[in-house]
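Structure data (compact mmCIF, C-alpha atoms) from protein03.txt:
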```txt
# COMPACT_ATOMS: atom_id res chain seq x y z
CA MET A 1 -6.48 1.48 17.77
CA ALA A 2 -5.35 -1.26 15.40
CA MET A 3 -4.56 -3.46 18.40
CA LEU A 4 -8.07 -2.95 19.77
CA VAL A 5 -9.56 -3.94 16.41
CA THR A 6 -7.34 -6.99 15.83
CA GLY A 7 -6.82 -8.15 19.41
CA VAL A 8 -3.03 -8.20 19.05
CA THR A 9 -1.51 -7.94 22.53
CA ALA A 10 1.72 -6.49 23.89
CA GLU A 11 2.80 -10.04 24.72
CA MET A 12 2.50 -10.98 21.05
CA LEU A 13 4.58 -7.97 20.05
CA THR A 14 7.41 -8.94 22.40
CA ASP A 15 7.22 -12.76 22.09
CA THR A 16 10.65 -13.79 20.77
CA SER A 17 9.30 -17.20 19.72
CA LEU A 18 7.22 -15.51 17.02
CA PRO A 19 8.73 -14.52 13.66
CA THR A 20 10.41 -11.14 13.38
CA HIS A 21 9.15 -8.65 10.82
CA TYR A 22 11.99 -9.68 8.49
CA GLU A 23 11.21 -13.38 8.87
CA MET A 24 7.51 -12.74 8.32
CA MET A 25 8.08 -10.72 5.16
CA CYS A 26 10.43 -13.36 3.75
CA ALA A 27 7.66 -15.92 4.30
CA VAL A 28 5.10 -13.62 2.66
CA ARG A 29 7.41 -13.10 -0.31
CA GLN A 30 7.91 -16.88 -0.68
CA LYS A 31 4.16 -17.56 -0.57
CA LEU A 32 3.37 -14.89 -3.16
CA GLU A 33 6.10 -16.21 -5.44
CA ASP A 34 4.77 -19.76 -5.00
CA TRP A 35 1.41 -18.51 -6.27
CA SER A 36 2.88 -16.47 -9.13
CA PRO A 37 1.99 -15.70 -11.85
CA ALA A 38 -1.33 -14.61 -10.39
CA ILE A 39 -3.83 -11.79 -10.08
CA PHE A 40 -3.59 -10.47 -6.51
CA ILE A 41 -6.87 -9.16 -5.12
CA GLY A 42 -7.62 -7.48 -1.81
CA TYR A 43 -10.32 -5.26 -0.39
CA ASN A 44 -9.31 -1.61 -0.71
CA SER A 45 -5.88 -3.08 -1.38
CA LEU A 46 -4.74 -0.68 -4.10
CA ARG A 47 -5.00 2.29 -1.75
CA PHE A 48 -3.91 0.61 1.46
CA ASP A 49 -2.58 -2.96 1.52
CA GLU A 50 -0.40 -2.62 -1.57
CA ALA A 51 1.34 0.47 -0.17
CA MET A 52 1.91 -1.30 3.16
CA LEU A 53 3.21 -4.41 1.39
CA ARG A 54 5.58 -2.46 -0.84
CA SER A 55 6.98 -0.53 2.11
CA ALA A 56 7.50 -3.73 4.09
CA PHE A 57 9.22 -5.42 1.14
CA TYR A 58 11.41 -2.37 0.57
CA GLN A 59 12.55 -2.17 4.19
CA ASN A 60 13.44 -5.87 4.16
CA LEU A 61 15.36 -5.81 0.82
CA LEU A 62 12.63 -7.83 -0.93
CA PRO A 63 11.05 -7.31 -4.41
CA ILE A 64 9.05 -4.09 -4.07
CA TYR A 65 6.87 -4.63 -7.16
CA LEU A 66 6.23 -8.35 -6.77
CA THR A 67 2.45 -8.12 -7.22
CA ASN A 68 2.55 -6.45 -10.65
CA THR A 69 5.70 -7.74 -12.34
CA ASN A 70 6.87 -11.04 -13.85
CA GLY A 71 3.41 -11.95 -15.13
CA ASN A 72 1.54 -10.86 -11.99
CA GLY A 73 -1.30 -8.36 -11.90
CA ARG A 74 -3.42 -6.71 -9.22
CA THR A 75 -6.95 -5.44 -8.82
CA ASP A 76 -9.26 -4.42 -6.01
CA ALA A 77 -12.44 -6.17 -4.87
CA LEU A 78 -13.75 -2.87 -3.46
CA GLN A 79 -13.57 -1.37 -6.94
CA LEU A 80 -15.56 -4.34 -8.27
CA MET A 81 -18.30 -3.80 -5.67
CA GLN A 82 -18.46 -0.07 -6.38
CA ALA A 83 -18.49 -0.58 -10.14
CA SER A 84 -21.37 -3.03 -9.90
CA THR A 85 -23.65 -0.19 -8.78
CA ILE A 86 -23.02 1.60 -12.10
CA PHE A 87 -22.56 -1.19 -14.62
CA SER A 88 -24.68 -3.95 -13.04
CA PRO A 89 -27.16 -2.28 -10.67
CA GLY A 90 -29.00 -4.80 -8.53
CA ALA A 91 -26.35 -7.49 -8.91
CA LEU A 92 -25.36 -7.04 -5.26
CA THR A 93 -27.22 -5.88 -2.17
CA ILE A 94 -25.59 -2.62 -1.13
CA PRO A 95 -26.46 -1.50 2.42
CA LEU A 96 -27.23 2.18 3.04
CA ASN A 97 -26.20 4.38 5.94
CA GLU A 98 -28.51 6.66 7.92
CA LYS A 99 -28.20 9.30 5.19
CA GLY A 100 -29.22 6.85 2.48
CA ARG A 101 -25.73 6.60 0.99
CA PRO A 102 -24.21 3.29 -0.11
CA VAL A 103 -21.89 1.54 2.34
CA PHE A 104 -19.03 -0.61 1.02
CA LYS A 105 -17.41 -1.57 4.31
CA LEU A 106 -16.72 -5.27 4.12
CA ASP A 107 -18.14 -6.03 7.58
CA GLN A 108 -21.50 -4.61 6.44
CA LEU A 109 -21.49 -5.48 2.75
CA ALA A 110 -20.64 -9.18 3.13
CA PRO A 111 -23.43 -9.99 5.66
CA ALA A 112 -25.94 -8.06 3.52
CA ASN A 113 -25.12 -10.48 0.71
CA GLY A 114 -25.34 -13.68 2.74
CA PHE A 115 -21.91 -14.08 4.34
CA SER A 116 -21.65 -14.87 8.04
CA HIS A 117 -19.12 -12.24 9.09
CA GLU A 118 -19.06 -12.83 12.83
CA ASN A 119 -15.30 -12.31 13.15
CA ALA A 120 -15.04 -9.08 11.18
CA HIS A 121 -11.47 -7.64 11.10
CA ASP A 122 -9.97 -11.02 11.90
CA ALA A 123 -7.47 -11.45 9.07
CA LEU A 124 -8.72 -14.84 7.88
CA ALA A 125 -12.38 -13.85 8.22
CA ASP A 126 -11.78 -10.75 6.09
CA VAL A 127 -10.01 -12.84 3.44
CA GLU A 128 -12.93 -15.28 3.36
CA ALA A 129 -15.41 -12.40 3.10
CA THR A 130 -13.41 -10.88 0.23
CA ILE A 131 -13.38 -14.22 -1.61
CA PHE A 132 -17.13 -14.64 -1.02
CA MET A 133 -17.99 -11.17 -2.32
CA THR A 134 -15.63 -11.40 -5.30
CA LYS A 135 -17.14 -14.73 -6.38
CA LYS A 136 -20.65 -13.38 -5.91
CA ALA A 137 -19.93 -10.27 -7.98
CA ALA A 138 -18.14 -12.30 -10.67
CA SER A 139 -21.15 -14.60 -10.93
CA ALA A 140 -23.78 -11.83 -10.85
CA ALA A 141 -21.87 -9.45 -13.19
CA PRO A 142 -19.59 -11.62 -15.39
CA GLU A 143 -18.96 -8.94 -18.03
CA LEU A 144 -17.85 -6.45 -15.39
CA TRP A 145 -15.68 -9.06 -13.70
CA LYS A 146 -13.98 -9.82 -17.02
CA ARG A 147 -13.15 -6.13 -17.51
CA LEU A 148 -11.71 -5.80 -14.00
CA ARG A 149 -9.80 -9.05 -14.48
CA ASN A 150 -8.25 -7.72 -17.71
CA ALA A 151 -7.50 -4.31 -16.15
CA ALA A 152 -5.43 -6.10 -13.50
CA GLU A 153 -2.72 -6.68 -16.10
CA LYS A 154 -0.70 -3.62 -17.07
CA ARG A 155 0.09 -4.94 -20.57
CA ILE A 156 -3.64 -5.33 -21.37
CA VAL A 157 -4.43 -1.82 -20.11
CA THR A 158 -1.49 -0.34 -22.01
CA ASP A 159 -2.46 -2.11 -25.25
CA PHE A 160 -6.07 -0.92 -24.89
CA ILE A 161 -5.06 2.72 -24.37
CA GLU A 162 -2.48 2.70 -27.18
CA ASN A 163 -5.08 1.41 -29.65
CA THR A 164 -8.07 3.49 -28.55
CA ASP A 165 -8.81 7.10 -29.45
CA ALA A 166 -11.39 7.56 -26.68
CA PHE A 167 -12.94 5.50 -23.90
CA LEU A 168 -15.02 5.74 -20.76
CA LEU A 169 -13.09 6.18 -17.52
CA THR A 170 -14.91 5.55 -14.24
CA GLU A 171 -13.43 6.69 -10.93
CA PHE A 172 -14.74 6.59 -7.37
CA PHE A 173 -14.31 9.28 -4.75
CA TYR A 174 -15.89 8.78 -1.34
CA ASN A 175 -17.85 5.83 -2.76
CA LYS A 176 -19.43 7.95 -5.48
CA GLY A 177 -18.75 7.04 -9.10
CA TYR A 178 -17.84 9.53 -11.82
CA SER A 179 -17.79 8.42 -15.46
CA ARG A 180 -16.12 10.57 -18.12
CA ILE A 181 -15.26 9.95 -21.75
CA VAL A 182 -11.58 10.72 -22.21
CA ALA A 183 -8.85 10.63 -24.86
CA PRO A 184 -5.28 9.64 -23.94
CA ILE A 185 -2.64 12.27 -24.74
CA GLY A 186 0.60 10.69 -23.50
CA GLN A 187 2.69 9.29 -20.68
CA HIS A 188 4.13 11.13 -17.73
CA PRO A 189 7.81 11.73 -18.63
CA VAL A 190 9.06 10.42 -15.27
CA ASN A 191 6.49 7.74 -14.41
CA SER A 192 5.63 5.70 -17.50
CA ASN A 193 2.80 3.98 -15.60
CA THR A 194 0.87 7.27 -15.51
CA ILE A 195 -1.14 8.28 -18.58
CA PHE A 196 -2.66 11.73 -19.05
CA ALA A 197 -6.16 11.79 -20.59
CA VAL A 198 -8.31 14.76 -21.67
CA THR A 199 -12.01 14.81 -20.77
CA LEU A 200 -14.00 15.18 -24.00
CA ASP A 201 -16.83 17.28 -22.58
CA ASP A 202 -18.14 20.73 -23.49
CA GLY A 203 -15.01 22.40 -22.11
CA PHE A 204 -12.85 20.63 -24.69
CA GLU A 205 -12.58 23.52 -27.18
CA ALA A 206 -11.49 26.03 -24.52
CA LEU A 207 -8.90 23.57 -23.22
CA THR A 208 -7.34 22.95 -26.63
CA THR A 209 -7.08 26.64 -27.52
CA ALA A 210 -5.88 28.06 -24.20
CA GLN A 211 -2.18 28.67 -23.61
CA GLY A 212 0.14 29.80 -20.83
CA SER A 213 -1.43 30.81 -17.53
CA ALA A 214 -4.93 30.62 -19.05
CA LEU A 215 -4.37 26.92 -19.76
CA GLU A 216 -3.01 26.31 -16.27
CA ASP A 217 -6.09 28.01 -14.78
CA LEU A 218 -8.34 25.64 -16.72
CA LEU A 219 -6.34 22.60 -15.64
CA VAL A 220 -6.82 23.25 -11.92
CA LYS A 221 -10.59 23.79 -12.13
CA THR A 222 -12.93 21.25 -10.51
CA PRO A 223 -13.73 18.76 -11.90
CA ARG A 224 -10.24 18.46 -13.31
CA PRO A 225 -10.36 18.23 -17.13
CA ILE A 226 -7.21 16.07 -17.22
CA ARG A 227 -7.37 12.64 -15.66
CA ARG A 228 -4.38 10.52 -14.60
CA LEU A 229 -4.62 6.80 -15.23
CA LYS A 230 -2.24 4.35 -13.62
CA THR A 231 -1.83 1.44 -15.99
CA ASN A 232 -0.53 -0.73 -13.15
CA ALA A 233 -3.44 0.01 -10.78
CA SER A 234 -6.41 -1.62 -12.53
CA PRO A 235 -8.20 1.46 -13.96
CA LEU A 236 -11.90 0.98 -14.72
CA ILE A 237 -12.07 1.62 -18.47
CA THR A 238 -14.84 0.85 -20.97
CA SER A 239 -14.71 0.91 -24.76
CA LEU A 240 -17.11 3.21 -26.62
CA GLU A 241 -18.58 0.14 -28.34
CA ALA A 242 -19.57 -1.35 -24.98
CA MET A 243 -21.16 1.91 -23.82
CA GLU A 244 -24.40 1.08 -25.65
CA LYS A 245 -25.23 -1.13 -22.65
CA TYR A 246 -24.94 1.81 -20.27
CA LYS A 247 -27.26 4.47 -21.69
CA ALA A 248 -28.43 5.28 -18.16
CA LEU A 249 -25.10 7.02 -17.53
CA ASP A 250 -26.36 10.04 -19.50
CA LEU A 251 -23.08 10.64 -21.33
CA PRO A 252 -22.53 13.15 -24.16
CA SER A 253 -23.27 12.42 -27.82
CA LEU A 254 -20.81 9.93 -29.29
CA GLN A 255 -20.72 11.92 -32.52
CA ASN A 256 -19.19 14.92 -30.76
CA ILE A 257 -16.89 12.64 -28.81
CA GLU A 258 -15.47 10.94 -31.88
CA GLN A 259 -14.90 14.31 -33.59
CA ARG A 260 -13.03 15.67 -30.60
CA ALA A 261 -10.96 12.51 -30.20
CA SER A 262 -10.07 12.54 -33.90
CA PHE A 263 -9.04 16.20 -33.72
CA LEU A 264 -6.85 15.60 -30.68
CA LYS A 265 -5.22 12.54 -32.23
CA SER A 266 -3.92 14.67 -35.10
CA ALA A 267 -2.75 17.55 -32.88
CA PRO A 268 0.50 16.48 -31.19
CA GLU A 269 1.43 20.08 -30.38
CA ILE A 270 -1.78 20.55 -28.35
CA LYS A 271 -1.19 17.31 -26.45
CA SER A 272 2.38 18.34 -25.67
CA ARG A 273 1.25 21.78 -24.54
CA ILE A 274 -1.29 20.30 -22.13
CA ILE A 275 1.20 17.81 -20.70
CA ASP A 276 3.82 20.55 -20.28
CA ALA A 277 1.27 22.71 -18.45
CA MET A 278 0.36 19.77 -16.18
CA LEU A 279 4.03 19.26 -15.35
CA ALA A 280 4.48 22.98 -14.66
CA ILE A 281 1.59 22.87 -12.18
CA GLU A 282 2.99 19.72 -10.63
CA GLY A 283 6.45 21.24 -10.29
CA GLU A 284 9.77 19.50 -10.78
CA TYR A 285 10.47 16.52 -8.59
CA GLU A 286 13.36 17.23 -6.29
CA GLU A 287 14.98 14.64 -4.10
CA ASP A 288 14.80 15.55 -0.44
CA GLU A 289 18.31 15.12 0.86
CA GLU A 290 17.00 15.00 4.43
CA ALA A 291 14.29 12.40 3.74
CA GLU A 292 14.29 9.36 6.00
CA VAL A 293 15.30 6.12 4.28
CA GLU A 294 11.74 4.78 4.65
CA GLU A 295 10.47 7.69 2.53
CA ARG A 296 12.87 7.01 -0.35
CA ILE A 297 11.19 3.87 -1.65
CA TYR A 298 10.43 5.26 -5.14
CA GLU A 299 13.66 7.18 -5.59
CA ASP A 300 15.29 4.88 -8.15
CA PHE A 301 15.68 1.28 -9.28
CA TYR A 302 18.56 -0.82 -8.00
CA SER A 303 21.48 -1.75 -10.26
CA ALA A 304 21.88 -5.31 -11.53
CA ALA A 305 24.96 -5.67 -9.32
CA ASP A 306 22.98 -4.62 -6.25
CA ASP A 307 20.19 -7.06 -7.19
CA ARG A 308 22.79 -9.84 -7.09
CA ARG A 309 24.03 -8.60 -3.71
CA ILE A 310 20.45 -8.59 -2.38
CA HIS A 311 20.09 -12.24 -3.40
CA ALA A 312 23.38 -13.07 -1.68
CA PHE A 313 22.28 -11.15 1.44
CA HIS A 314 19.17 -13.30 1.87
CA GLN A 315 21.12 -16.53 1.29
CA ALA A 316 23.83 -15.69 3.83
CA ASN A 317 23.93 -15.97 7.62
CA TRP A 318 23.98 -12.83 9.79
CA ASP A 319 27.79 -12.83 10.08
CA GLN A 320 28.13 -12.73 6.29
CA ARG A 321 25.31 -10.22 5.86
CA ALA A 322 27.26 -7.51 7.66
CA LYS A 323 30.03 -7.83 5.05
CA ILE A 324 27.58 -7.85 2.12
CA ALA A 325 25.75 -4.77 3.41
CA ASN A 326 28.96 -2.74 3.14
CA THR A 327 29.25 -3.55 -0.58
CA PHE A 328 25.86 -2.19 -1.71
CA GLU A 329 26.17 0.66 -4.22
CA ASP A 330 22.75 2.12 -3.32
CA ASP A 331 22.99 3.93 0.01
CA ARG A 332 19.38 2.99 0.81
CA LEU A 333 20.23 -0.71 0.61
CA LYS A 334 23.33 -0.18 2.72
CA GLU A 335 21.35 1.56 5.46
CA LEU A 336 18.39 -0.85 5.38
CA GLY A 337 20.67 -3.90 5.29
CA LYS A 338 22.68 -2.73 8.29
CA ARG A 339 19.48 -1.82 10.11
CA LEU A 340 18.20 -5.39 9.69
CA ILE A 341 21.48 -6.67 11.08
CA TYR A 342 21.30 -4.23 14.02
CA PHE A 343 17.87 -5.56 15.04
CA HIS A 344 18.67 -9.27 14.50
CA ALA A 345 22.39 -9.71 15.19
CA PRO A 346 23.89 -6.45 16.50
CA GLU A 347 27.00 -8.27 17.68
CA THR A 348 27.99 -8.82 14.02
CA LEU A 349 28.05 -5.07 13.29
CA ASN A 350 31.15 -3.03 13.97
CA GLN A 351 30.78 -0.66 16.89
CA PRO A 352 30.55 2.60 14.88
CA ASP A 353 27.66 1.21 12.75
CA ALA A 354 25.80 -0.03 15.83
CA GLN A 355 26.21 3.37 17.48
CA VAL A 356 24.76 5.08 14.39
CA PHE A 357 21.51 3.16 14.79
CA GLU A 358 21.37 3.64 18.54
CA LYS A 359 21.78 7.38 18.03
CA CYS A 360 19.21 7.41 15.20
CA ILE A 361 16.59 5.76 17.41
CA ALA A 362 17.44 8.05 20.31
CA ILE A 363 17.03 11.10 18.06
CA ARG A 364 13.63 9.88 16.89
CA TYR A 365 12.58 9.42 20.50
CA ALA A 366 13.75 12.85 21.62
CA THR A 367 13.12 14.87 18.45
CA ASP A 368 12.53 18.61 18.69
CA GLU A 369 10.83 18.71 15.29
CA ILE A 370 7.33 20.18 15.36
CA GLU A 371 5.84 17.70 12.91
CA PRO A 372 8.24 14.79 12.34
CA SER A 373 7.33 12.08 9.84
CA TRP A 374 7.18 9.45 12.57
CA LEU A 375 5.12 8.93 15.71
CA THR A 376 6.95 10.37 18.72
CA PRO A 377 6.73 8.83 22.20
CA ASN A 378 5.00 11.93 23.58
CA ALA A 379 2.37 11.88 20.83
CA ALA A 380 1.94 8.12 21.20
CA LEU A 381 1.51 8.31 24.98
CA ALA A 382 -0.94 11.20 24.66
CA ALA A 383 -3.03 9.26 22.13
CA LEU A 384 -2.79 6.15 24.28
CA ASP A 385 -3.95 8.09 27.34
CA ASP A 386 -6.99 9.39 25.43
CA THR A 387 -7.81 5.88 24.20
CA LEU A 388 -7.48 4.46 27.72
CA LYS A 389 -9.94 7.04 29.04
CA GLU A 390 -12.49 6.01 26.40
CA ALA A 391 -11.96 2.25 26.78
CA ALA A 392 -14.83 0.68 28.72
CA ASN A 393 -13.91 -2.97 28.20
CA PRO A 394 -11.49 -4.33 30.88
CA LYS A 395 -9.85 -6.51 28.21
CA ASP A 396 -9.13 -3.42 26.11
CA LYS A 397 -7.71 -1.58 29.10
CA THR A 398 -5.37 -4.49 29.85
CA LEU A 399 -4.23 -4.59 26.22
CA LEU A 400 -3.54 -0.84 26.18
CA LYS A 401 -1.69 -0.95 29.50
CA GLY A 402 0.57 -3.61 28.01
CA LEU A 403 1.38 -1.31 25.12
CA GLU A 404 2.03 1.55 27.54
CA ALA A 405 4.59 -0.62 29.35
CA ILE A 406 6.41 -1.26 26.05
CA TYR A 407 6.58 2.49 25.35
CA HIS A 408 8.12 3.20 28.75
CA GLN A 409 10.57 0.32 28.39
CA LYS A 410 11.76 1.60 25.01
CA ALA A 411 11.97 5.18 26.23
CA ALA A 412 14.15 4.12 29.16
CA LYS A 413 16.50 2.36 26.76
CA PHE A 414 16.81 4.98 24.04
CA LEU A 415 16.08 8.44 25.46
CA ILE A 416 19.20 10.63 25.52
```
Representation of the structure as structure tokens:
Amino acid sequence: MAMLVTGVTAEMLTDTSLPTHYEMMCAVRQKLEDWSPAIFIGYNSLRFDEAMLRSAFYQNLLPIYLTNTNGNGRTDALQLMQASTIFSPGALTIPLNEKGRPVFKLDQLAPANGFSHENAHDALADVEATIFMTKKAASAAPELWKRLRNAAEKRIVTDFIENTDAFLLTEFFYNKGYSRIVAPIGQHPVNSNTIFAVTLDDGFEALTTAQGSALEDLLVKTPRPIRRLKTNASPLITSLEAMEKYKALDLPSLQNIEQRASFLKSAPEIKSRIIDAMLAIEGEYEEDEEAEVEERIYEDFYSAADDRRIHAFHQANWDQRAKIANTFEDDRLKELGKRLIYFHAPETLNQPDAQVFEKCIAIRYATDEIEPSWLTPNAALAALDDTLKEAANPKDKTLLKGLEAIYHQKAAKFLI
């Protein structure tokens, strides 16, 4: 389906004159570092592009957190568009669907605001549309843009939360905004980027007095009384002082809010009890010993020694890389490094290592698992067959047939 949208063909996928995935990601890394320090902005990037980018960096032994470390920050243009409807209504023209609900799809939003989006879903066209809409929103709603710009930097968000007893948190679910006044109660003990915050609404008293299973029952009610903020993911936060501009939000009395926030600030035992209950509901994190290497991206940070080996790996030729890969302390790096070598210069790997990867691929092709964490050939061919039946455009049919040929070629090579 992605190939139908983007027009990428089977010939492009198999053209050896084009960069490999590793070569492409090295070029992407170099370009992002050339721009750094910077604020990186995409459209729906925090939920989609950033995860894809991190995974690609991880699998190619590149800096996983490049976009929000070493002076860099990140925010999302989609969030800016959504927030404008609450904090600067009328600043942008928001199209509506047949049910009268706002539509934030870039290929509809950008043309509604004056952008010629004839090549929607072409990578460059989407970038240009994102730039156009971000500039338009920044010009039409400068105060909102400043807040989003500041929220892109983790240190600014962290400083704000540490020095604020209560603030307005705005979140979007299915394009609908929800604004709640909250008070921060502490960090997640494992992930310091996650902050727990209590909603200071009329259920506050019950929440602060409940204990044990009664507290856990309150915590899982909808809407959830405890919010999780990610300080490195551009949360939309507003100071109580600035809320005077947004009386239309129909929020509770500030007098009650300040009293509740003050009470909570001086009650560390209540904050600890709530966090402990949240962690009990969440359950202890346990490493999955059978997890695929791709799924282990957030397992741990690399040692300083392994960071030096990573640098040496990228500087070396493929012959030398095989030797370096064997010296990694982190087993993830060892596997990913050897996998890169297998795909680019298999002749430099010793025979046992090469056979490990051949067997791994064969197992993935012929898996007996009911729901594996990868796309199996049978599932892929079934989906492809359904898509071919629905494709009316001869160009699309040709493109899909090319992909089908690749599947069969790979299956013939790796099926055991």
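Residues lying within 12 Å of Ser262 of chain A, counting only C-alpha atoms and ignoring same-chain neighbours fewer than 3 positions away, are A:Thr164, A:Asp165, A:Ala166, A:Val182, A:Ala183, A:Pro184, A:Ile185, A:Leu200, A:Leu254, A:Gln255, A:Asn256, A:Ile257, A:Glu258, A:Gln259, A:Lys265, A:Ser266, A:Ala267, A:Pro268.
Nearest-residue note for Phe115 of chain A: choosing from A:Val103, A:Leu340, A:Ala392, A:Met133, the minimum distance belongs to A:Met133, counting all atoms listed in the file.
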Exercise. Can you tell me, as a list of chain:residue names, what residues are no more than 12 Å from Asp396 of chain A when counting all atoms listed in the file, ignoring any on the same chain fewer than 4 positions away?
Worked result: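 Surrounding residues, per the criterion: A:Met1, A:Ala2, A:Met3, A:Leu4, A:Val5, A:Thr6, A:Gly7, A:Val8, A:Thr9, A:Ala10, A:Leu384, A:Thr387, A:Leu388, A:Lys389, A:Glu390, A:Ala391, A:Ala392, A:Leu400, A:Lys401, A:Gly402, A:Leu403.
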If the box runs along x, y and z of the file and leaves 4 Å on each side of segment 167-171 of chain A, what are its centre and edge lengths in Å, one decimal, as lines of an AutoDock Vina configuration file?
```
center_x = -14.0
center_y = 6.1
center_z = -17.4
size_x = 10.1
size_y = 9.2
size_z = 21.0
```
Problem set entry | Distance of atom CA of Tyr43 of chain A from atom CA of Gln108 of chain A, expressed in Å to one decimal place |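 Atom-to-atom, atom CA of Gln108 of chain A and atom CA of Tyr43 of chain A are spaced 13.1 Å apart.
Remark: residues at most 12 Å from position (-26.6, -1.3, -9.9) in file coordinates are Leu80, Met81, Gln82, Ala83, Ser84, Thr85, Ile86, Phe87, Ser88, Pro89, Gly90, Ala91, Leu92, Thr93, Ile94, Pro102, Ala137, Ala140, Ala141, Leu144, Gly177, Tyr246, Ala248 and Leu249 of chain A, using all atoms listed in the file.
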Exercise. Any idea what's packed within 12 Å of segment 341-351 of chain A, counting all atoms listed in the file, ignoring anything in its chain fewer than 3 positions away? Could you give it as a VMD selection string?
Worked result: chain A and resid 16 19 to 23 60 to 61 313 to 314 316 to 326 334 to 338 354 to 358 360 to 361
Write out as an mmCIF file with C-alpha atoms, in the frame of the given file the residues lying within 12 Å of Gln30 of chain A, counting all atoms listed in the file and excluding same-chain residues fewer than 5 positions away.
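Writing the result to result28.cif gives the following:
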```cif
data_model
loop_
_atom_site.group_PDB
_atom_site.id
_atom_site.type_symbol
_atom_site.label_atom_id
_atom_site.label_comp_id
_atom_site.auth_asym_id
_atom_site.auth_seq_id
_atom_site.Cartn_x
_atom_site.Cartn_y
_atom_site.Cartn_z
ATOM 1 C CA GLU A 23 11.210 -13.380 8.870
ATOM 2 C CA MET A 24 7.510 -12.740 8.320
ATOM 3 C CA MET A 25 8.080 -10.720 5.160
ATOM 4 C CA TRP A 35 1.410 -18.510 -6.270
ATOM 5 C CA SER A 36 2.880 -16.470 -9.130
ATOM 6 C CA PHE A 57 9.220 -5.420 1.140
ATOM 7 C CA LEU A 62 12.630 -7.830 -0.930
ATOM 8 C CA PRO A 63 11.050 -7.310 -4.410
ATOM 9 C CA LEU A 66 6.230 -8.350 -6.770
#
```
Exercise. Just how far from atom CA of Gln59 of chain A is atom CA of Ile297 of chain A, in Å to one decimal?
Worked result: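 Atom CA of Gln59 of chain A lies 8.5 Å from atom CA of Ile297 of chain A.
For the set A:Gly283, A:Pro377, A:Gly73, A:Pro37, the residue with the smallest atom-to-atom gap to Ile156 of chain A is A:Gly73, counting only C-alpha atoms.
With all atoms listed in the file as the atoms that count, the minimum distance from Phe40 of chain A to the choices A:Glu11, A:Glu153, A:Glu143, A:Asp331 is reached by A:Glu153.
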For this session: Go through A:Ala152, A:Ala242, A:Leu218, A:Ala77 one by one, measure the shortest atom-to-atom distance of each to Ile131 of chain A using all atoms listed in the file, and give the residue with the smallest value.
Result: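 Once distances to Ile131 of chain A are computed over all atoms listed in the file, the minimum belongs to A:Ala77.
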Problem set entry | Nearest residue to Gly186 of chain A from the set A:Ala27, A:Glu98, A:Asn119, A:Glu162 (distances using all atoms listed in the file) | A:Glu162
Sorted per-residue table, segment 271-361 of chain A near segment 207-216 of chain A, closest atoms and distance, 8 Å, only C-alpha atoms, as CSV:
```
residue,atom,partner,partner_atom,distance
A:Arg273,CA,A:Gln211,CA,7.8
A:Ile274,CA,A:Leu215,CA,7.7
A:Ala277,CA,A:Glu216,CA,6.0
A:Met278,CA,A:Glu216,CA,7.4
A:Ile281,CA,A:Glu216,CA,7.1
```
Exercise. Distance atom CA of Ala280 of chain A-atom CA of Leu219 of chain A, one decimal place?
Worked result: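 Atom CA of Ala280 of chain A sits 10.9 Å away from atom CA of Leu219 of chain A.
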For this session: Would you mind telling me which residue in A:Val190, A:Leu109, A:Val198, A:Leu236 lies nearest to Phe160 of chain A when using only C-alpha atoms?
Result: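 Residue with the minimum atom-to-atom distance to Phe160 of chain A: A:Leu236.
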